[in-house]
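Colleague: Questions regarding the structure given below will be posed in turn.
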Amino acid sequence: MQEAEDFLEESRALERLVASVEEPVLSTATLFKQWTINDILQHLHILNLAAYWALTDKAAFGRYATALLANKSRMRAFENEWLNGLRGSTLVAAWRDFFPIVASAFRKQDGKVRLDWFGPPMSARSAITARQMETWAHGQAIFDVLGVERHDADRIRNIAHLGVLTFGWSFAGRGLQPPGPAPQVILRAPSGEIWRWNDNAPGRVEGDATEFCQVVTQTRNIADTQLRLEGASAQTWMAIAQCFAGSAQKPPAPGARRRAAF
């Protein structure tokens, strides 16, 4: 699966960022719920482990899923306990050494294979795409707090596609009905290529692919982008867009998530 290679490259891009970060800086709080860089890397590592178990060891995944669901109200504390307080350079090394193993395991699989997950089962292709999406989205908070501008590659098309596919979920998760059909989505890729979805649909979301991915992953408010919106569906969707699973989350307020200036 190409998606496994894309997850690997997304993880490597984040690894290059944190590789030179001094250990005390890993305790810095980010603008994502005040999670520290350590917290984010713990979260990414433990979900990489979960995805690997879902693919290779159903019993191990079941034990972890049962424990997590019993502790979902204290997820950060639970993840820290599950990893025995793994922090700092030791955590960076554990995460760095394991994500290639995950990528290798998924690369060899049929993308249609169904895997258990915390909600409904999902395909192996969806599972590894979700790992890329979370790595990219949570990684944004690390780029931001370190004041580093990220330069994306066209592999973010997987994230944009996931964002388009979850148009209905963004409303359903809030008990809402969309005001109309999903709009056209026309995005400029990092390479300059134009990506299109829902051609001929009424309404439109148009602009930079990175900004679209930031909105659907809730790392930026729509007001902090230059995306152009036409129609009620586009405007309502982009105000609440959420491409990740779990309970409905409120997007950050305008200006709340941003790159630090030094």
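We name chains A, B, ... following the order of the structure tokens; residues begin at 1 in each chain, and ligands are numbered from 1 as shown.
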Would you pick out the contacts of segment 7-23 of chain A at 7 Å or less, using only C-alpha atoms, so that residues sharing its chain but fewer than 4 positions from it are not included, and give the list as a count of residues only?

Modeller: 14

Colleague: With only C-alpha atoms as the basis for distance, which of A:Ile37, A:Val216, A:Ala248, A:Ala256 is at the shortest distance from Phe143 of chain A?

Modeller: A:Ile37

Colleague: May I have the residues within 12 Å of Ala189 of chain A as a PDB file with C-alpha atoms, in the first residue's frame, using only C-alpha atoms and disregarding those fewer than 6 positions away in the same chain?

Modeller:
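Produced file result-v1.pdb, reproduced below:
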ATOM      1  CA  HIS A 151       6.875  22.309   3.901  1.00  0.00           C
ATOM      2  CA  ASP A 152       4.407  19.639   2.874  1.00  0.00           C
ATOM      3  CA  ALA A 153       4.593  17.039   0.118  1.00  0.00           C
ATOM      4  CA  ASP A 154       1.813  15.685  -2.082  1.00  0.00           C
ATOM      5  CA  ARG A 155       1.339  12.719   0.245  1.00  0.00           C
ATOM      6  CA  ILE A 156      -1.077  14.984   2.175  1.00  0.00           C
ATOM      7  CA  ARG A 157      -3.582  14.114  -0.550  1.00  0.00           C
ATOM      8  CA  ASN A 158      -4.498  11.138   1.666  1.00  0.00           C
ATOM      9  CA  ILE A 159      -5.446  13.565   4.445  1.00  0.00           C
ATOM     10  CA  ALA A 160      -7.371  15.842   2.101  1.00  0.00           C
ATOM     11  CA  TRP A 195      -6.879  18.143  -6.906  1.00  0.00           C
ATOM     12  CA  ARG A 196     -10.646  17.957  -7.369  1.00  0.00           C
ATOM     13  CA  GLU A 206     -11.194  26.107  -2.968  1.00  0.00           C
ATOM     14  CA  GLY A 207      -7.631  26.976  -2.071  1.00  0.00           C
ATOM     15  CA  ASP A 208      -4.439  25.580  -0.603  1.00  0.00           C
ATOM     16  CA  ALA A 209      -4.379  21.844   0.206  1.00  0.00           C
ATOM     17  CA  THR A 210      -2.352  22.325   3.373  1.00  0.00           C
ATOM     18  CA  GLU A 211      -4.882  24.843   4.691  1.00  0.00           C
ATOM     19  CA  PHE A 212      -7.764  22.494   3.889  1.00  0.00           C
ATOM     20  CA  CYS A 213      -6.000  19.689   5.768  1.00  0.00           C
TER      21      CYS A 213
END

Colleague: Would you mind listing what lies within 8 Å of Ile240 of chain A as a list in words, with only C-alpha atoms counted and same-chain residues fewer than 4 positions away left out?

Modeller: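 With the cut-off at 8 Å, the set is Ser170, Phe171, Thr236, Lys250 and Pro251 of chain A.
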
Colleague: Determine, counting only C-alpha atoms, which protein, DNA and RNA residues have an atom within 7 Å of an atom of Ala201 of chain A; residues of the same chain fewer than 3 positions away are not included. Present the result as a VMD selection string.

Modeller: chain A and resid 183 to 184 198

Colleague: Give me a file of those residues, with C-alpha atoms, as an mmCIF file, in the first residue's frame.

Modeller:
data_model
loop_
_atom_site.group_PDB
_atom_site.id
_atom_site.type_symbol
_atom_site.label_atom_id
_atom_site.label_comp_id
_atom_site.auth_asym_id
_atom_site.auth_seq_id
_atom_site.Cartn_x
_atom_site.Cartn_y
_atom_site.Cartn_z
ATOM 1 C CA PRO A 183 -19.663 20.802 -2.177
ATOM 2 C CA GLN A 184 -16.945 20.715 -4.786
ATOM 3 C CA ASN A 198 -17.319 16.289 -6.217
#

Colleague: Take atom CA of Thr36 of chain A and atom CA of Ala60 of chain A and report the distance between them in Å, one decimal.

Modeller: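 Rounded to one decimal, the two atoms are 27.7 Å apart.
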
Colleague: Of the candidates A:Glu193, A:Glu134, A:Glu149, A:Asp6, which one gets nearest to Gln218 of chain A if we count only C-alpha atoms?

Modeller: A:Glu134

Colleague: Rank A:Ala232, A:Ala50, A:Ala124, A:Ala137 by their smallest atom-to-atom distance to Ala182 of chain A, using only C-alpha atoms, and report the top residue only.

Modeller: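 Closest to Ala182 of chain A of all the choices is A:Ala232.
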
Colleague: Looking only at helix (DSSP H, G or I) from DSSP on the backbone, list the matching residues of segment 43-256 of chain A as a ChimeraX atom specification.

Modeller: /A:43-56,58-70,72-82,88-107,124-145,154-165,167-172,209-216,222-224,232-240

Colleague: I'd like to know which of A:Arg257, A:Lys33, A:His138, A:Arg174 is closest to Thr217 of chain A, using only C-alpha atoms.

Modeller: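 Closest to Thr217 of chain A of all the choices is A:His138.
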
Colleague: May I ask for the distance between atom CA of Ala253 of chain A and atom CA of Thr225 of chain A, given in Å to one decimal place?

Modeller: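 Between these atoms lies a distance of 12.5 Å.
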
Colleague: Could you state the separation of atom CA of Ser123 of chain A and atom CA of Phe98 of chain A in Å, given to one decimal place?

Modeller: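 According to the coordinates, atom CA of Ser123 of chain A and atom CA of Phe98 of chain A are separated by 21.2 Å.
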